[in-house]
Each structure stands twice: as C-alpha cells, then as structure tokens.
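> The structure's right below; bear with me while I get my questions together.
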Amino acid sequence: VPVNPGFPNPTPHSQQAYEPDADYTSRWTRADARQLKAMSDPSAAPRENSMPEEYTMPTIPQSFPDMSGGQVWVWDTWTLTNGQADQLSFKGWEVIFSLVADRNLGFDERHTYAKLGFFFRKADIPTEQRPEDGGWTYGGLVFPEGASGAIYEDQSFSHQTEWSGSTRIFAGNKLRTFYTAVAFYRDAAGQDVKPADPRIVQTEGRIFADDTGVWLTGFRDQHELLVPDGTLYQTKDQNSSVNFRDPFTFEDPAHPGKTFMVFEGNTAGEREAVECTAEDLGYDPADPQREVPVGEGVPGGPPEIASDANLRMGNVGLAVADNKALTQWHFLPPILSANCVTDQTERPQIYQKDGKYYIFTISHRSTFAPGIDGPEGVYGFVGDGVRSDFQPVNRGSGLALGSPSNLNYAAGFPFAPDFNQHPGQFQAYSHYVMPDGLVQSFIDSIGTSDDFRRGGTLSPTVRVNITGADVLVDRSYGTDGLGEYADIPANQVADVPATP
Ligand code: FRU
C-alpha cells in the first residue's frame, strides 16, 4: 500500500549494527530520497516554502551582522571537541575554527583560497548579554605560512588550500587538527591542467590563553593520513572532480581504545563506468512507482533511471587509527553510500544519543541526481552502531533540517537565486549538529534574484529535538526558533595544566 500516492515507499532499514570493519555499507536509496519530493507541497506559491515546517530552518533576516567585522569571509566552522563530540572551553574561552578567505575575493572564489582561521570569546556569558554578532575576536590563521602545502611532492600547484575538518583537544593543551589539504594545478585561464589533489592530513599544535585572549603555536609538521585507494574510495584519477574531504574523529563506547574517522568520499571506480544497482535504487519489486537500473527496462515496464544518475556517487567513509598519535590510519568500507542519489555527503559527523548513532551530513540541492530533489541542508541517518543499516530520519527521507525551499521552482545559484524561490533557499549551509541538538551553519545568500545579499558569516544557531528517527525543529528555542548569531557554546570545560 503506497504511503504517498504517486511516490514509491521508502526502503525498509533495520538500524541493525555490524562490526565497524564489516563489509557492509548501508544505502540511502533512491526510494528513500524520493520521499523528499513526496513531502513537498505541489501547490506552494512562488517564494513560499514547500517543505514541512517541522523540518525547515526558520527564516534568517537579510539584515544579519558580520561576525568578523569585515576582516574575512567565514564558512565551515567547528569547535574544540573531545572523542565524544563534547565542545570544550579552554581557560574560560570558547574557541572556534573556521574556513576563512580574504573579503576582497568574491565569496564564490573562496574555495581555492581557503585557510583555517580561529576565533575566541569569553565562555559563560549569558547569550542575551553578548553583542548581536556573537562577540567573537578573530585570532588569525591557524597554521604557519606554507605548512599545509609541504605534503605535496608536486610543488607546481597554482593554489593550495585548507578545507574542512575538526580539532580535538587532548591532555593538557595539546590539539590535533584534522583537515583537508587540496592542491590545484590550474593554468592562467583557471582550467585544471592536472586534477585537484585532496588529502586528509593531521597536524599537532598547542593552545594558550591568558586574560587577554587565546593563541596557538605549532601546526608546522604535517602528517598525511589518507588518500583515496581506488577500491573503497574513488581517486582523483578515476574522477577529476572527486569529493574526498572533511575528516571528523570520534570514539565509540562499543569499541573502547579505538579512534575512528568519518569523512566525505565517493564510491570507487572510473567515473561513468560504475552503474547503480537495484540495491542502490532500493524499491520493493512490486512498487508501482519503482524505477529500474540503466539497461534493465522492458517495454511497458517501469522506467529506467537517467543514464547520468551514476555521476552522483557520494558516500560517508570510515577509517580507524593504527597508532595513539593518530598519525597512521587505514580505510574501512564506507558506512553509507548515496549512489544515484547525491554526489556530496559533506562534513559527516557521528552524533551519539540515547544509545543510537546518527550520521549527520550536508548536501546541496544542486548535487542530487536526476529524478531526486531536496533542499540545501543537513541530512540524518540513525542506527544501532557506527556501522548499521542506517534508517534515514523523518519519514524515511533523510532530511533532518533544510533551508526553506520551494521544490516547485528552480534553484538558481547563490549568486543568482531564482526569482520565484523562497528567499531563504540558500540562507544556510554546512550545518553541524552540536550537543543538545543545537545546530550551527554559515550564511551563503539571502533573497531572490531582484534583491539578495551574500553571507560569509555564521547563521543564528537553531535547535532540533532528536528522538529515534524523528528530528524536529524546536520553535520554542530563541525567537520563533532562531537563536543568536554565531552562537557556538561549550558544554564542557577542558582540564587545564597548571603550567602549560
Ligand atoms: C562545505 C564544503 C566542504 C569543504 C569546504 C570547501 O561547505 O564544501 O565540504 O571542506 O566547503 O570550501
């Protein structure tokens, strides 16, 4: 019996756990992802949100403040965490790490110039006493000049950047930053002469603080941890626009003594050569709304998926550390694949609550495969372990929290949003779910083609209630669900050495 007339039913997922090193990858199937469109209101008028309010981030006003006071563009952001993803303050200071770029660049040029920067602010100030922009002081860049480029044997790159990751605090004041180094080899016209080379890297530093602020030292020696192997994770030579980045490390109480990492990857194989399977599609063979893989259609039977759907092959990768210094790692099979669903499952994180394990990962509207549509936002999957038959949250769709969007109208681009779109469609991206369900993100673009403003600063924090497979916006938080701008609070205090 179809749950939504005109749409398939989602794939059943047991949430059952497997060993972290088991050869089992759960699938966010096309049957699952088609639930996104199934819950969009086909009669939503121009500039209205067509998605359910309970999964939609409240609308951010266009009058947002800039947290850096004009110094830098700010986007993907994270804080100091421990192995349980708690957020720690250090000597009375809250510290965040952000991708930053010069404000003289256009905001869309930022990716090839990104560097890790940091900000700090006093902990324990009631939110209502902070300034509207969150009250952060920009501390500058995290790494010494040139340090992150040193790992490349081929130094002929035209651009070398630092992309997202995470920062762990260890005993005393030791930090380990996990991030993505990317080298671009482009000619004067901006065309790739060799494919971009993304690598997952770790570097160790120290944090210091006194009454006047926070500073960082070290981060000179870079340890290359992982490059795609071509068997589990697609390489730059298999796909010149491969997605491989955004490491996030954590410990699993079910496997004490080990440190794991999730990251964004793509399913291995030559681009275009690997076709999606019936399992990737995930339909009940009797579902009247089912599709079939390319080449398997018969006259009068269900339609084949678009022949280029297999250019969208995102996955959430897993790796495990082989030493205590977390400088040596090996790949495990991906924990989630989104073959023929979306190409990018970005900034994945593992969120543990009530004995359940959630993968949260961000996806753009523009990276979905043909036949799949959904908003910019954070997507969630729940299971009983780090590796599980993950169930997509919220009616089996996966959408945890989307920007307000109208799927009846084209998206446009952040630099040219569609005239008929909800002005909030590109309001926020890079959502990261923090302790107690708080969600931070950055502002990309707010408005419609006739009147919009680019962001480059952090959004108001919002809150979601996470219960089993339901993730619902808390509209009692802040003002109608919108909290304070750039509000990234610590939920724990770091143990500080007597003499750092
Ligand atoms: C998300 C993201 C990350 C990447 C960074 C690059 O906003 O695409 O996946 O690390 O931005 O700027």
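Numbering starts fresh at 1 for the residues of each chain in the structure tokens, the chains themselves are lettered A, B, ... in the order given, and ligands are numbered from 1 as they appear.
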Could I get the residue neighbourhood of ligand 1 at 10 Å, counting only C-alpha atoms and all ligand atoms, as JSON, numbers by chain?
{"A": [74, 75, 76, 77, 99, 100, 101, 108, 109, 110, 111, 112, 113, 114, 115, 161, 162, 163, 164, 165, 179, 180, 181, 182, 198, 243, 244, 245, 246, 247, 263, 264, 344, 345, 346, 347, 348, 361, 362, 363, 364, 428, 429, 430, 431, 441, 442, 444]}
> Just the residues within 12 Å of Ser476 in chain A, please, counting only C-alpha atoms, with nothing from its chain fewer than 5 positions along; format it as a list in words.
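The neighbour list is Pro58, Val462, Arg463, Val464, Asn465, Gly481, Leu482 and Gly483 of chain A.
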> Hey, can you spit out that residue selection with N, CA and C atoms as a PDB file, in the first residue's frame?

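The file below, selection-v2.pdb, is the result:
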ATOM      1  N   PRO A  58      14.074  27.991  10.527  1.00  0.00           N
ATOM      2  CA  PRO A  58      13.373  29.281  10.461  1.00  0.00           C
ATOM      3  C   PRO A  58      14.133  30.263   9.559  1.00  0.00           C
ATOM      4  N   VAL A 462      20.211  27.308  15.731  1.00  0.00           N
ATOM      5  CA  VAL A 462      18.852  26.803  15.932  1.00  0.00           C
ATOM      6  C   VAL A 462      18.953  25.499  16.716  1.00  0.00           C
ATOM      7  N   ARG A 463      17.814  24.915  17.043  1.00  0.00           N
ATOM      8  CA  ARG A 463      17.849  23.677  17.835  1.00  0.00           C
ATOM      9  C   ARG A 463      16.895  22.659  17.236  1.00  0.00           C
ATOM     10  N   VAL A 464      17.325  21.402  17.233  1.00  0.00           N
ATOM     11  CA  VAL A 464      16.432  20.316  16.818  1.00  0.00           C
ATOM     12  C   VAL A 464      16.259  19.340  17.977  1.00  0.00           C
ATOM     13  N   ASN A 465      15.055  18.761  18.069  1.00  0.00           N
ATOM     14  CA  ASN A 465      14.779  17.681  19.019  1.00  0.00           C
ATOM     15  C   ASN A 465      14.978  16.365  18.283  1.00  0.00           C
ATOM     16  N   GLY A 481      12.322  30.121  17.109  1.00  0.00           N
ATOM     17  CA  GLY A 481      13.224  29.082  16.639  1.00  0.00           C
ATOM     18  C   GLY A 481      14.596  29.570  16.227  1.00  0.00           C
ATOM     19  N   LEU A 482      14.761  30.884  16.043  1.00  0.00           N
ATOM     20  CA  LEU A 482      16.086  31.413  15.694  1.00  0.00           C
ATOM     21  C   LEU A 482      16.790  31.875  16.963  1.00  0.00           C
ATOM     22  N   GLY A 483      17.963  31.299  17.233  1.00  0.00           N
ATOM     23  CA  GLY A 483      18.761  31.729  18.374  1.00  0.00           C
ATOM     24  C   GLY A 483      19.668  32.883  17.991  1.00  0.00           C
TER      25      GLY A 483
END
> Point out the residue among A:Thr448, A:Pro20, A:Asn239, A:Ile151 with the least atom-to-atom distance to Val320 in chain A, counting only C-alpha atoms.
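Between A:Thr448, A:Pro20, A:Asn239, A:Ile151, the residue approaching Val320 in chain A most closely is A:Pro20.
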> Kindly provide the residues of range 365-484 of chain A that approach range 352-355 of chain A to within 10 Å, each paired with its closest atom pair and their distance in Å to one decimal, based on only C-alpha atoms, listed by chain and increasing number, as a Markdown table.

| residue | atom | partner | partner_atom | distance |
| --- | --- | --- | --- | --- |
| A:Val382 | CA | A:Gln352 | CA | 9.6 |
| A:Gly383 | CA | A:Gly355 | CA | 9.3 |
| A:Asp384 | CA | A:Gly355 | CA | 7.1 |
| A:Gly385 | CA | A:Gly355 | CA | 8.5 |
| A:Val386 | CA | A:Gln352 | CA | 9.4 |
| A:Pro435 | CA | A:Gln352 | CA | 9.4 |
| A:Asp436 | CA | A:Lys353 | CA | 9.3 |
| A:Gly437 | CA | A:Lys353 | CA | 9.8 |
| A:Ile466 | CA | A:Lys353 | CA | 8.2 |
| A:Thr467 | CA | A:Asp354 | CA | 8.4 |
| A:Gly468 | CA | A:Asp354 | CA | 8.4 |
> Between CA of Ala338 in chain A and CA of Arg27 in chain A, what is the spacing in Å?
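Atom-to-atom, CA of Arg27 in chain A and CA of Ala338 in chain A are spaced 6.1 Å apart.
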> Give the alpha helix (DSSP H) residues of range 202-380 of chain A, as assigned by DSSP on the backbone, as a tab-separated table (two decimals) with N, CA and C atoms, in the first residue's frame.

chain	number	residue	atom	x	y	z
A	278	ALA	N	20.17	-2.43	-8.40
A	278	ALA	CA	18.80	-2.48	-7.85
A	278	ALA	C	18.83	-2.16	-6.36
A	279	GLU	N	19.90	-2.55	-5.67
A	279	GLU	CA	20.00	-2.25	-4.22
A	279	GLU	C	20.18	-0.76	-3.98
A	280	ASP	N	20.92	-0.08	-4.87
A	280	ASP	CA	21.07	1.38	-4.74
A	280	ASP	C	19.71	2.06	-4.94
A	281	LEU	N	18.89	1.49	-5.81
A	281	LEU	CA	17.58	2.08	-6.07
A	281	LEU	C	16.62	1.79	-4.91
> From the DSSP assignment of the backbone, select every residue of range 10-239 of chain A that is strand (DSSP E), and format the answer as a ChimeraX atom specification.
/A:17-18,26-27,72-81,88-89,93-102,115-122,137-141,159-169,174-186,192-210,213-226
> Report as a Markdown table: every residue of range 201-255 of chain A with an atom at most 12 Å from range 491-497 of chain A, its closest pair of atoms, and their distance in Å to one decimal, counting only C-alpha atoms, with rows sorted by chain and ascending residue number.

| residue | atom | partner | partner_atom | distance |
| --- | --- | --- | --- | --- |
| A:Arg206 | CA | A:Val496 | CA | 12.0 |
| A:Ile207 | CA | A:Val496 | CA | 10.3 |
| A:Phe208 | CA | A:Val496 | CA | 9.9 |
| A:Ala209 | CA | A:Val496 | CA | 10.3 |
> Would you mind exporting N, CA and C atoms of the selected residues as a PDB file, in the first residue's frame?

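What follows is the written file part26.pdb:
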ATOM      1  N   ARG A 206      49.553  23.573  19.927  1.00  0.00           N
ATOM      2  CA  ARG A 206      49.256  23.857  21.346  1.00  0.00           C
ATOM      3  C   ARG A 206      48.372  25.074  21.422  1.00  0.00           C
ATOM      4  N   ILE A 207      47.535  25.103  22.450  1.00  0.00           N
ATOM      5  CA  ILE A 207      46.689  26.270  22.688  1.00  0.00           C
ATOM      6  C   ILE A 207      47.101  26.927  24.003  1.00  0.00           C
ATOM      7  N   PHE A 208      47.110  28.244  24.008  1.00  0.00           N
ATOM      8  CA  PHE A 208      47.442  29.029  25.196  1.00  0.00           C
ATOM      9  C   PHE A 208      46.390  30.114  25.375  1.00  0.00           C
ATOM     10  N   ALA A 209      46.212  30.558  26.621  1.00  0.00           N
ATOM     11  CA  ALA A 209      45.273  31.653  26.856  1.00  0.00           C
ATOM     12  C   ALA A 209      45.692  32.407  28.106  1.00  0.00           C
TER      13      ALA A 209
END
> Quick one, how far is CA of Lys324 in chain A from CA of Thr231 in chain A?
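A separation of 26.3 Å between them.
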